[in-house]
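Just upload-v1.pdb here, PDB, C-alpha atoms:
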ATOM      1  CA  MET A   1      83.451  89.238  82.001
ATOM      2  CA  GLU A   2      87.012  88.559  80.905
ATOM      3  CA  VAL A   3      89.520  91.333  81.654
ATOM      4  CA  LYS A   4      93.041  91.436  80.198
ATOM      5  CA  ILE A   5      95.513  93.883  81.724
ATOM      6  CA  GLY A   6      98.797  94.762  80.072
ATOM      7  CA  VAL A   7     101.514  95.953  82.444
ATOM      8  CA  GLN A   8     104.612  97.857  81.315
ATOM      9  CA  HIS A   9     107.868  95.876  81.485
ATOM     10  CA  ALA A  10     105.988  92.611  82.160
ATOM     11  CA  PRO A  11     106.267  89.775  79.636
ATOM     12  CA  ARG A  12     102.707  88.503  80.146
ATOM     13  CA  GLU A  13      99.315  90.085  80.539
ATOM     14  CA  ILE A  14      97.067  89.535  83.552
ATOM     15  CA  VAL A  15      93.821  87.734  82.685
ATOM     16  CA  LEU A  16      90.908  87.430  85.093
ATOM     17  CA  GLU A  17      87.167  86.792  85.109
ATOM     18  CA  SER A  18      85.124  89.454  86.874
ATOM     19  CA  ASP A  19      81.495  89.457  88.000
ATOM     20  CA  LEU A  20      81.236  93.231  87.467
ATOM     21  CA  SER A  21      79.453  94.759  84.477
ATOM     22  CA  ALA A  22      81.322  96.509  81.677
ATOM     23  CA  GLU A  23      80.188  99.916  82.945
ATOM     24  CA  GLU A  24      81.434  99.224  86.491
ATOM     25  CA  LEU A  25      84.796  97.986  85.215
ATOM     26  CA  GLU A  26      85.140 100.976  82.926
ATOM     27  CA  SER A  27      84.545 103.441  85.777
ATOM     28  CA  ILE A  28      87.183 101.689  87.930
ATOM     29  CA  VAL A  29      89.693 101.802  85.070
ATOM     30  CA  ILE A  30      88.979 105.468  84.293
ATOM     31  CA  ALA A  31      89.517 106.395  87.956
ATOM     32  CA  ALA A  32      92.866 104.569  87.947
ATOM     33  CA  LEU A  33      94.026 106.146  84.684
ATOM     34  CA  SER A  34      92.992 109.669  85.699
ATOM     35  CA  GLY A  35      95.503 109.599  88.556
ATOM     36  CA  ASN A  36      92.891 109.818  91.327
ATOM     37  CA  VAL A  37      93.679 106.288  92.517
ATOM     38  CA  PRO A  38      97.304 105.023  92.802
ATOM     39  CA  LEU A  39      96.331 101.355  92.221
ATOM     40  CA  LEU A  40      93.953  99.579  89.884
ATOM     41  CA  SER A  41      92.188  97.132  92.191
ATOM     42  CA  LEU A  42      89.997  94.371  90.753
ATOM     43  CA  THR A  43      88.543  91.245  92.345
ATOM     44  CA  ASP A  44      87.997  88.185  90.162
ATOM     45  CA  SER A  45      85.015  85.824  90.284
ATOM     46  CA  LYS A  46      86.861  83.497  92.717
ATOM     47  CA  GLY A  47      87.531  86.267  95.226
ATOM     48  CA  ARG A  48      91.213  86.881  94.429
ATOM     49  CA  LYS A  49      92.281  90.515  94.376
ATOM     50  CA  VAL A  50      94.586  91.942  91.697
ATOM     51  CA  LEU A  51      96.416  95.217  92.355
ATOM     52  CA  VAL A  52      98.360  97.005  89.611
ATOM     53  CA  PRO A  53     100.078 100.404  89.958
ATOM     54  CA  SER A  54      98.126 102.879  87.820
ATOM     55  CA  ASP A  55     101.262 104.398  86.311
ATOM     56  CA  ARG A  56     102.357 100.954  84.988
ATOM     57  CA  LEU A  57      99.180 100.168  83.044
ATOM     58  CA  SER A  58      99.781  99.583  79.358
ATOM     59  CA  TYR A  59      96.302  98.535  78.185
ATOM     60  CA  ILE A  60      93.070  97.015  79.467
ATOM     61  CA  ASP A  61      90.865  94.811  77.325
ATOM     62  CA  LEU A  62      87.289  94.313  78.518
ATOM     63  CA  GLY A  63      85.902  91.210  76.826
ATOM     64  CA  GLU A  64      82.388  89.998  76.310
ATOM     65  CA  PRO A  65      80.295  88.794  79.236
ATOM     66  CA  ALA A  66      81.024  85.156  80.020
ATOM     67  CA  THR A  67      78.256  82.741  79.105
ATOM     68  CA  ARG A  68      78.096  79.157  80.192
ATOM     69  CA  LYS A  69      78.047  76.598  77.416
ATOM     70  CA  VAL A  70      76.035  73.453  78.006
ATOM     71  CA  GLY A  71      76.014  70.254  75.991
ATOM     72  CA  PHE A  72      78.275  68.395  73.639
ATOM     73  CA  GLY A  73      77.709  70.440  70.456
ATOM     74  CA  ALA A  74      80.470  70.942  67.917
ATOM     75  CA  LEU A  75      82.363  74.205  68.118
TER      76      LEU A  75
END
Just give me the structure of the file as structure tokens.
Amino acid sequence: MEVKIGVQHAPREIVLESDLSAEELESIVIAALSGNVPLLSLTDSKGRKVLVPSDRLSYIDLGEPATRKVGFGAL
């Protein structure tokens, strides 16, 4: 699933692909925004870890689950 994270005072958003479900990602984000956790910590599908201070989060966009496209069909 594609995740876009907006960070305050940063010119670009952070984009990563996660293997977690939408419900799992949502619970992690809610914990970070509630102030219980000082950092939003996500691991992408390649194993890289992204840490963002919870008080600097601007927005989080949870996209649709990634599906693999096969073939040479027209888009």
Contacts of range 36-61 of chain A with range 2-12 of chain A up to 9 Å, shortest pair per row, only C-alpha atoms, as CSV:
residue,atom,partner,partner_atom,distance
A:Val52,CA,A:Val7,CA,7.9
A:Pro53,CA,A:Val7,CA,8.9
A:Asp55,CA,A:Gln8,CA,8.9
A:Arg56,CA,A:Gln8,CA,5.3
A:Leu57,CA,A:Val7,CA,4.9
A:Ser58,CA,A:Gly6,CA,5.0
A:Tyr59,CA,A:Gly6,CA,4.9
A:Ile60,CA,A:Ile5,CA,4.6
A:Asp61,CA,A:Lys4,CA,4.9
key: Atom-to-atom span, CA of Ser27 in chain A and CA of Lys46 in chain A, Å   =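 Computing it gives 21.2 Å between the two atoms.
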request  = Tell me, as a PyMOL selection string, which residues lie within 10 Å of Leu25 in chain A, counting all atoms listed in the file; anything in the same chain fewer than 3 positions away does not count.
outcome  = chain A and resi 1+3+18-22+28-30+42+62
ask   = What does the distance between CA of Gly47 in chain A and CA of Gly63 in chain A come to in Å, to one decimal place?
value =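 Value for the CA of Gly47 in chain A-CA of Gly63 in chain A distance: 19.1 Å.
Among A:Glu24, A:Glu64, A:Ile14, A:Leu51, the residue with the shortest atom-to-atom distance to Pro38 in chain A, counting all atoms listed in the file, is A:Leu51.
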Return the padded bounding box of range 4-17 of chain A as JSON: axis-aligned, built from all atoms listed in the file, 4 Å added on each side, with centre and edge lengths in Å to one decimal.
{"center_x": 97.5, "center_y": 92.3, "center_z": 82.4, "size_x": 28.7, "size_y": 19.1, "size_z": 13.5}
